[in-house]
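Structure data follow from entry.txt (compact mmCIF, N, CA and C atoms):
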```txt
# COMPACT_ATOMS: atom_id res chain seq x y z
N MET A 1 101.22 90.81 108.44
CA MET A 1 100.55 91.17 107.21
C MET A 1 99.83 92.51 107.36
N LEU A 2 99.24 92.76 108.51
CA LEU A 2 98.51 94.01 108.71
C LEU A 2 99.44 95.20 108.63
N ILE A 3 100.62 95.10 109.24
CA ILE A 3 101.57 96.21 109.20
C ILE A 3 102.03 96.46 107.77
N SER A 4 102.30 95.39 107.00
CA SER A 4 102.73 95.60 105.62
C SER A 4 101.60 96.22 104.80
N ASN A 5 100.36 95.84 105.08
CA ASN A 5 99.20 96.45 104.41
C ASN A 5 99.12 97.93 104.76
N LEU A 6 99.34 98.27 106.03
CA LEU A 6 99.32 99.66 106.46
C LEU A 6 100.40 100.45 105.74
N ILE A 7 101.61 99.91 105.69
CA ILE A 7 102.72 100.61 105.03
C ILE A 7 102.42 100.79 103.55
N SER A 8 101.88 99.76 102.92
CA SER A 8 101.56 99.84 101.50
C SER A 8 100.50 100.91 101.24
N ARG A 9 99.42 100.91 102.03
CA ARG A 9 98.35 101.89 101.83
C ARG A 9 98.84 103.30 102.15
N TRP A 10 99.67 103.43 103.17
CA TRP A 10 100.18 104.74 103.54
C TRP A 10 101.10 105.26 102.45
N GLY A 11 101.95 104.37 101.89
CA GLY A 11 102.82 104.77 100.79
C GLY A 11 102.02 105.21 99.58
N GLU A 12 100.93 104.49 99.30
CA GLU A 12 100.05 104.85 98.18
C GLU A 12 99.44 106.23 98.42
N LEU A 13 98.99 106.47 99.63
CA LEU A 13 98.40 107.77 99.97
C LEU A 13 99.42 108.89 99.79
N LEU A 14 100.64 108.69 100.30
CA LEU A 14 101.67 109.73 100.18
C LEU A 14 102.02 109.99 98.72
N HIS A 15 102.07 108.92 97.93
CA HIS A 15 102.36 109.08 96.50
C HIS A 15 101.27 109.92 95.83
N ARG A 16 100.02 109.68 96.20
CA ARG A 16 98.92 110.43 95.60
C ARG A 16 98.84 111.86 96.11
N LEU A 17 99.29 112.08 97.34
CA LEU A 17 99.25 113.44 97.89
C LEU A 17 100.40 114.31 97.40
N LYS A 18 101.46 113.70 96.92
CA LYS A 18 102.64 114.46 96.52
C LYS A 18 102.33 115.60 95.56
N PRO A 19 101.57 115.35 94.48
CA PRO A 19 101.26 116.49 93.59
C PRO A 19 100.49 117.60 94.31
N TYR A 20 99.61 117.23 95.24
CA TYR A 20 98.86 118.23 95.99
C TYR A 20 99.79 119.04 96.87
N LEU A 21 100.71 118.36 97.52
CA LEU A 21 101.63 119.07 98.40
C LEU A 21 102.51 120.02 97.62
N LEU A 22 102.86 119.63 96.38
CA LEU A 22 103.72 120.48 95.56
C LEU A 22 102.97 121.66 94.97
N THR A 23 101.65 121.53 94.81
CA THR A 23 100.87 122.61 94.19
C THR A 23 99.77 123.08 95.14
N HIS A 24 100.09 123.16 96.41
CA HIS A 24 99.07 123.49 97.40
C HIS A 24 98.53 124.91 97.24
N GLN A 25 99.20 125.74 96.45
CA GLN A 25 98.69 127.10 96.26
C GLN A 25 97.34 127.08 95.54
N LYS A 26 97.07 126.04 94.76
CA LYS A 26 95.81 125.96 94.01
C LYS A 26 94.61 125.69 94.91
N CYS A 27 94.87 125.15 96.08
CA CYS A 27 93.78 124.77 96.99
C CYS A 27 94.00 125.43 98.33
N THR A 28 92.94 125.62 99.04
CA THR A 28 93.04 126.11 100.41
C THR A 28 92.78 124.92 101.32
N PRO A 29 93.84 124.31 101.85
CA PRO A 29 93.61 123.13 102.68
C PRO A 29 92.92 123.49 103.98
N ALA A 30 92.00 122.68 104.36
CA ALA A 30 91.32 122.87 105.65
C ALA A 30 91.97 121.93 106.65
N TYR A 31 92.49 122.48 107.71
CA TYR A 31 93.17 121.66 108.70
C TYR A 31 92.26 120.59 109.28
N THR A 32 90.98 120.86 109.33
CA THR A 32 90.06 119.87 109.89
C THR A 32 89.91 118.66 108.99
N ASN A 33 90.41 118.72 107.76
CA ASN A 33 90.38 117.58 106.86
C ASN A 33 91.66 116.77 106.89
N CYS A 34 92.62 117.18 107.68
CA CYS A 34 93.91 116.49 107.75
C CYS A 34 93.84 115.29 108.69
N ILE A 35 94.61 114.28 108.33
CA ILE A 35 94.81 113.14 109.24
C ILE A 35 96.27 113.17 109.65
N ILE A 36 96.51 113.22 110.92
CA ILE A 36 97.87 113.20 111.44
C ILE A 36 98.07 111.82 112.03
N PHE A 37 98.96 111.05 111.40
CA PHE A 37 99.16 109.65 111.76
C PHE A 37 100.64 109.44 112.05
N THR A 38 100.94 108.87 113.20
CA THR A 38 102.32 108.61 113.57
C THR A 38 102.39 107.22 114.20
N VAL A 39 103.59 106.68 114.23
CA VAL A 39 103.80 105.33 114.75
C VAL A 39 104.89 105.36 115.80
N LYS A 40 104.62 104.75 116.93
CA LYS A 40 105.63 104.58 117.98
C LYS A 40 105.46 103.17 118.54
N ARG A 41 106.59 102.44 118.60
CA ARG A 41 106.53 101.06 119.10
C ARG A 41 106.07 101.04 120.57
N THR A 42 106.68 101.89 121.38
CA THR A 42 106.26 102.04 122.77
C THR A 42 105.99 103.53 123.00
N LEU A 43 105.09 103.82 123.93
CA LEU A 43 104.65 105.21 124.07
C LEU A 43 105.35 105.98 125.18
N ARG A 44 105.27 105.51 126.38
CA ARG A 44 105.65 106.28 127.56
C ARG A 44 104.94 107.63 127.47
N GLU A 45 105.65 108.72 127.60
CA GLU A 45 105.02 110.04 127.50
C GLU A 45 105.27 110.67 126.14
N ARG A 46 105.92 109.94 125.23
CA ARG A 46 106.29 110.51 123.93
C ARG A 46 105.08 110.87 123.08
N TRP A 47 103.90 110.31 123.40
CA TRP A 47 102.72 110.63 122.60
C TRP A 47 102.39 112.11 122.66
N ARG A 48 102.80 112.77 123.73
CA ARG A 48 102.50 114.20 123.88
C ARG A 48 103.20 115.06 122.83
N GLN A 49 104.28 114.54 122.24
CA GLN A 49 105.01 115.29 121.22
C GLN A 49 104.11 115.68 120.05
N ILE A 50 103.22 114.80 119.67
CA ILE A 50 102.42 115.09 118.47
C ILE A 50 101.39 116.19 118.71
N VAL A 51 101.00 116.41 119.95
CA VAL A 51 100.02 117.47 120.20
C VAL A 51 100.66 118.76 120.67
N THR A 52 101.97 118.74 120.95
CA THR A 52 102.63 119.96 121.42
C THR A 52 103.51 120.59 120.36
N GLU A 53 103.58 120.00 119.18
CA GLU A 53 104.46 120.55 118.14
C GLU A 53 103.74 121.54 117.24
N GLY A 54 102.59 122.05 117.66
CA GLY A 54 101.89 123.04 116.88
C GLY A 54 101.12 122.48 115.70
N THR A 55 100.90 121.19 115.70
CA THR A 55 100.20 120.56 114.60
C THR A 55 98.70 120.74 114.77
N ARG A 56 98.02 120.95 113.65
CA ARG A 56 96.57 121.11 113.69
C ARG A 56 95.90 120.01 112.89
N GLY A 57 94.72 119.66 113.29
CA GLY A 57 93.97 118.65 112.56
C GLY A 57 92.75 118.25 113.36
N LEU A 58 91.92 117.46 112.72
CA LEU A 58 90.70 116.99 113.37
C LEU A 58 91.03 116.13 114.58
N GLY A 59 92.05 115.32 114.45
CA GLY A 59 92.48 114.44 115.52
C GLY A 59 93.84 113.88 115.17
N PHE A 60 94.41 113.19 116.10
CA PHE A 60 95.72 112.59 115.92
C PHE A 60 95.56 111.09 116.05
N PHE A 61 96.23 110.34 115.21
CA PHE A 61 96.17 108.90 115.23
C PHE A 61 97.56 108.37 115.50
N LEU A 62 97.68 107.61 116.58
CA LEU A 62 98.97 107.10 117.02
C LEU A 62 98.92 105.58 117.01
N ALA A 63 99.63 104.98 116.06
CA ALA A 63 99.67 103.53 115.95
C ALA A 63 100.76 102.97 116.85
N THR A 64 100.44 101.87 117.52
CA THR A 64 101.42 101.27 118.42
C THR A 64 101.10 99.79 118.64
N ILE A 65 102.11 99.09 119.14
CA ILE A 65 101.89 97.71 119.60
C ILE A 65 102.15 97.64 121.11
N ASP A 66 102.23 98.80 121.74
CA ASP A 66 102.47 98.90 123.18
C ASP A 66 101.26 98.32 123.93
N LYS A 67 101.53 97.35 124.81
CA LYS A 67 100.46 96.69 125.58
C LYS A 67 100.26 97.32 126.95
N ASN A 68 101.00 98.36 127.27
CA ASN A 68 101.04 98.86 128.64
C ASN A 68 100.61 100.31 128.80
N VAL A 69 99.72 100.80 127.98
CA VAL A 69 99.25 102.17 128.12
C VAL A 69 98.17 102.17 129.20
N SER A 70 98.31 103.03 130.17
CA SER A 70 97.38 103.05 131.31
C SER A 70 96.06 103.74 130.95
N GLY A 71 95.07 103.48 131.76
CA GLY A 71 93.77 104.15 131.59
C GLY A 71 93.90 105.65 131.73
N ASN A 72 94.74 106.11 132.67
CA ASN A 72 94.95 107.55 132.84
C ASN A 72 95.58 108.17 131.60
N ALA A 73 96.57 107.49 131.02
CA ALA A 73 97.20 108.00 129.80
C ALA A 73 96.18 108.04 128.66
N LEU A 74 95.33 107.02 128.57
CA LEU A 74 94.30 107.01 127.52
C LEU A 74 93.31 108.16 127.71
N ASP A 75 92.96 108.47 128.96
CA ASP A 75 92.08 109.61 129.22
C ASP A 75 92.75 110.92 128.81
N ASP A 76 94.04 111.07 129.13
CA ASP A 76 94.79 112.27 128.71
C ASP A 76 94.80 112.37 127.18
N MET A 77 95.03 111.24 126.51
CA MET A 77 95.04 111.23 125.05
C MET A 77 93.68 111.63 124.49
N ARG A 78 92.63 111.11 125.08
CA ARG A 78 91.27 111.43 124.60
C ARG A 78 91.02 112.93 124.70
N ARG A 79 91.42 113.54 125.81
CA ARG A 79 91.22 114.98 125.98
C ARG A 79 92.05 115.78 124.97
N SER A 80 93.12 115.20 124.46
CA SER A 80 93.97 115.86 123.47
C SER A 80 93.63 115.42 122.05
N ARG A 81 92.51 114.72 121.88
CA ARG A 81 92.04 114.24 120.57
C ARG A 81 93.00 113.25 119.92
N VAL A 82 93.63 112.40 120.74
CA VAL A 82 94.54 111.38 120.23
C VAL A 82 93.83 110.04 120.26
N TYR A 83 93.79 109.39 119.08
CA TYR A 83 93.26 108.03 118.97
C TYR A 83 94.43 107.07 118.93
N LEU A 84 94.40 106.06 119.77
CA LEU A 84 95.40 105.02 119.76
C LEU A 84 94.95 103.95 118.77
N VAL A 85 95.79 103.63 117.80
CA VAL A 85 95.47 102.63 116.77
C VAL A 85 96.32 101.40 117.06
N VAL A 86 95.64 100.29 117.33
CA VAL A 86 96.32 99.07 117.75
C VAL A 86 95.80 97.87 116.95
N PRO A 87 96.56 96.78 116.93
CA PRO A 87 96.04 95.56 116.32
C PRO A 87 94.75 95.13 117.03
N VAL A 88 93.84 94.55 116.27
CA VAL A 88 92.54 94.17 116.81
C VAL A 88 92.68 93.24 118.02
N ARG A 89 93.71 92.41 118.01
CA ARG A 89 93.94 91.49 119.13
C ARG A 89 94.18 92.26 120.44
N LEU A 90 94.95 93.34 120.37
CA LEU A 90 95.19 94.12 121.58
C LEU A 90 93.92 94.82 122.04
N LYS A 91 93.18 95.38 121.12
CA LYS A 91 91.92 96.06 121.49
C LYS A 91 90.95 95.08 122.14
N ARG A 92 90.92 93.87 121.64
CA ARG A 92 90.01 92.85 122.15
C ARG A 92 90.48 92.30 123.50
N ASP A 93 91.79 92.06 123.65
CA ASP A 93 92.29 91.32 124.80
C ASP A 93 92.71 92.17 126.00
N ILE A 94 92.95 93.46 125.80
CA ILE A 94 93.38 94.32 126.90
C ILE A 94 92.18 95.15 127.34
N GLU A 95 91.72 94.91 128.56
CA GLU A 95 90.47 95.50 129.03
C GLU A 95 90.46 97.03 128.94
N VAL A 96 91.55 97.67 129.36
CA VAL A 96 91.57 99.13 129.34
C VAL A 96 91.47 99.65 127.90
N TYR A 97 91.98 98.89 126.93
CA TYR A 97 91.86 99.27 125.52
C TYR A 97 90.44 99.06 125.02
N SER A 98 89.85 97.94 125.36
CA SER A 98 88.50 97.67 124.85
C SER A 98 87.47 98.61 125.46
N ASP A 99 87.75 99.15 126.64
CA ASP A 99 86.82 100.09 127.29
C ASP A 99 87.00 101.54 126.82
N ALA A 100 88.13 101.85 126.22
CA ALA A 100 88.44 103.24 125.87
C ALA A 100 87.83 103.61 124.51
N VAL A 101 87.14 104.74 124.45
CA VAL A 101 86.51 105.18 123.20
C VAL A 101 87.52 105.66 122.17
N ASN A 102 88.72 106.00 122.61
CA ASN A 102 89.74 106.51 121.69
C ASN A 102 90.79 105.46 121.33
N VAL A 103 90.50 104.20 121.57
CA VAL A 103 91.36 103.12 121.10
C VAL A 103 90.62 102.42 119.98
N ILE A 104 91.23 102.39 118.79
CA ILE A 104 90.60 101.78 117.63
C ILE A 104 91.59 100.80 116.99
N SER A 105 91.05 99.85 116.25
CA SER A 105 91.91 98.90 115.54
C SER A 105 92.35 99.52 114.21
N PHE A 106 93.34 98.89 113.59
CA PHE A 106 93.76 99.34 112.26
C PHE A 106 92.60 99.26 111.28
N GLU A 107 91.82 98.19 111.38
CA GLU A 107 90.66 98.03 110.49
C GLU A 107 89.66 99.17 110.67
N GLU A 108 89.41 99.57 111.92
CA GLU A 108 88.52 100.70 112.17
C GLU A 108 89.11 102.00 111.62
N PHE A 109 90.42 102.17 111.77
CA PHE A 109 91.07 103.37 111.23
C PHE A 109 90.86 103.45 109.73
N PHE A 110 91.12 102.35 109.02
CA PHE A 110 90.92 102.35 107.56
C PHE A 110 89.47 102.62 107.20
N ALA A 111 88.56 101.88 107.81
CA ALA A 111 87.14 101.95 107.41
C ALA A 111 86.47 103.26 107.80
N HIS A 112 86.78 103.79 108.97
CA HIS A 112 86.03 104.94 109.48
C HIS A 112 86.76 106.28 109.37
N TYR A 113 88.06 106.24 109.13
CA TYR A 113 88.81 107.49 109.08
C TYR A 113 89.55 107.67 107.75
N LEU A 114 90.44 106.74 107.40
CA LEU A 114 91.25 106.92 106.20
C LEU A 114 90.43 106.82 104.92
N ASP A 115 89.65 105.76 104.76
CA ASP A 115 88.88 105.60 103.52
C ASP A 115 87.90 106.76 103.28
N PRO A 116 87.12 107.19 104.28
CA PRO A 116 86.24 108.35 104.04
C PRO A 116 87.03 109.63 103.72
N SER A 117 88.17 109.80 104.36
CA SER A 117 89.00 110.99 104.07
C SER A 117 89.52 110.94 102.65
N MET A 118 89.96 109.77 102.21
CA MET A 118 90.44 109.66 100.84
C MET A 118 89.34 109.98 99.83
N THR A 119 88.11 109.57 100.14
CA THR A 119 86.97 109.92 99.27
C THR A 119 86.80 111.43 99.21
N ARG A 120 86.84 112.12 100.36
CA ARG A 120 86.74 113.58 100.39
C ARG A 120 87.87 114.22 99.61
N TRP A 121 89.09 113.73 99.80
CA TRP A 121 90.26 114.31 99.12
C TRP A 121 90.15 114.13 97.61
N ARG A 122 89.64 112.97 97.18
CA ARG A 122 89.45 112.76 95.73
C ARG A 122 88.43 113.75 95.18
N GLU A 123 87.31 113.91 95.90
CA GLU A 123 86.26 114.84 95.46
C GLU A 123 86.78 116.27 95.37
N ARG A 124 87.74 116.62 96.20
CA ARG A 124 88.31 117.98 96.20
C ARG A 124 89.57 118.06 95.33
N HIS A 125 89.86 116.97 94.62
CA HIS A 125 91.00 116.90 93.71
C HIS A 125 92.32 117.09 94.44
N ALA A 126 92.36 116.72 95.71
CA ALA A 126 93.62 116.77 96.46
C ALA A 126 94.47 115.54 96.15
N ILE A 127 93.81 114.43 95.79
CA ILE A 127 94.52 113.23 95.36
C ILE A 127 93.85 112.71 94.11
N THR A 128 94.53 111.84 93.41
CA THR A 128 93.97 111.23 92.21
C THR A 128 93.85 109.73 92.42
N GLY A 129 93.07 109.11 91.58
CA GLY A 129 92.97 107.65 91.60
C GLY A 129 91.90 107.11 92.46
```
For this file, write the structure as structure tokens.
Amino acid sequence: MLISNLISRWGELLHRLKPYLLTHQKCTPAYTNCIIFTVKRTLRERWRQIVTEGTRGLGFFLATIDKNVSGNALDDMRRSRVYLVVPVRLKRDIEVYSDAVNVISFEEFFAHYLDPSMTRWRERHAITG
């Protein structure tokens, strides 16, 4: 249910951003207001792709159900401003995840990152609704 909620909310966000993306000349987007969100079932070293492709933003959010990300990899991600977004059960049950400051649950992502960003975007008329 959580994944379907994520897909639904993400689809809603993309639908609302479409007019902004098509008429971006009217606004000067600030890269620090962007959320870069990607999903990978398993990580290995592929997480580095999102920070090496020239993308800019306040931080990167990488959703996964991978249970085997090492503490060293999480430290590397933290230094690269990558937040690992996992189901609350994984954050709670995997010690290295619960100890890492850059591992957050989907609920935390919505409440502390996506929802406040959507409020800012609405105030700047980047999205409607």
Open item on the list: Rounded to one decimal, what separation in Å do you get between CA of Tyr97 in chain A and atom N of Ala73 in chain A?
Closed with: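 It comes out at 11.0 Å.
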Task: Pick from A:His112, A:Lys40, A:Arg122, A:Lys67 nearest to Ile94 in chain A, counting only C-alpha atoms - done: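 That would be A:Lys67, the residue with the smallest distance to Ile94 in chain A.
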Which residues come within 7 Å of Thr64 in chain A, counting only N, CA and C atoms, excluding same-chain residues fewer than 5 positions away, as a short mmCIF file (atom, residue, chain, number, x, y, z; two decimals) with N, CA and C atoms, in the coordinates of the input?
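Result written to selection.cif:
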```cif
data_model
loop_
_atom_site.label_atom_id
_atom_site.label_comp_id
_atom_site.auth_asym_id
_atom_site.auth_seq_id
_atom_site.Cartn_x
_atom_site.Cartn_y
_atom_site.Cartn_z
N THR A 38 100.94 108.87 113.20
CA THR A 38 102.32 108.61 113.57
C THR A 38 102.39 107.22 114.20
N VAL A 39 103.59 106.68 114.23
CA VAL A 39 103.80 105.33 114.75
C VAL A 39 104.89 105.36 115.80
N LYS A 40 104.62 104.75 116.93
CA LYS A 40 105.63 104.58 117.98
C LYS A 40 105.46 103.17 118.54
N ARG A 41 106.59 102.44 118.60
CA ARG A 41 106.53 101.06 119.10
C ARG A 41 106.07 101.04 120.57
N THR A 42 106.68 101.89 121.38
CA THR A 42 106.26 102.04 122.77
C THR A 42 105.99 103.53 123.00
N LEU A 84 94.40 106.06 119.77
CA LEU A 84 95.40 105.02 119.76
C LEU A 84 94.95 103.95 118.77
N VAL A 85 95.79 103.63 117.80
CA VAL A 85 95.47 102.63 116.77
C VAL A 85 96.32 101.40 117.06
N VAL A 86 95.64 100.29 117.33
CA VAL A 86 96.32 99.07 117.75
C VAL A 86 95.80 97.87 116.95
N PRO A 87 96.56 96.78 116.93
CA PRO A 87 96.04 95.56 116.32
C PRO A 87 94.75 95.13 117.03
#
```
Open item on the list: Counting all atoms listed in the file, which residue out of A:Leu74, A:Cys34, A:Met118, A:Val69 sits closest to Val103 in chain A?
Closed with: A:Leu74
Open item on the list: So the first atom is CA of Ile127 in chain A and the second is CA of Trp47 in chain A; what is the distance between them in Å, to one decimal place?
Closed with: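 Separating CA of Ile127 in chain A from CA of Trp47 in chain A is a distance of 28.6 Å.
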- [ ] Would you mind reading off the distance between atom C of Gly71 in chain A and CA of Asp115 in chain A, one decimal, in Å?
- [x]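 Computing the Euclidean distance for atom C of Gly71 in chain A and CA of Asp115 in chain A yields 28.7 Å.
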TODO: Could you check which of A:Ile36, A:Arg78, A:Ala111, A:Leu43 is closest to Ile65 in chain A, using only N, CA and C atoms?
DONE: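 Ranked by minimum distance to Ile65 in chain A, first place goes to A:Leu43.
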TODO: Find the residues near Asp99 in chain A: any atom within 12 Å, counting only C-alpha atoms, skip ones fewer than 3 places away on the same chain, and give them as a list in words.
DONE: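 Once the nearby chain positions are removed, what remains is Ser70, Gly71, Leu74, Asp75, Leu90, Lys91, Arg92, Asp93, Ile94, Glu95, Val96, Asn102, Val103 and Ile104 of chain A.
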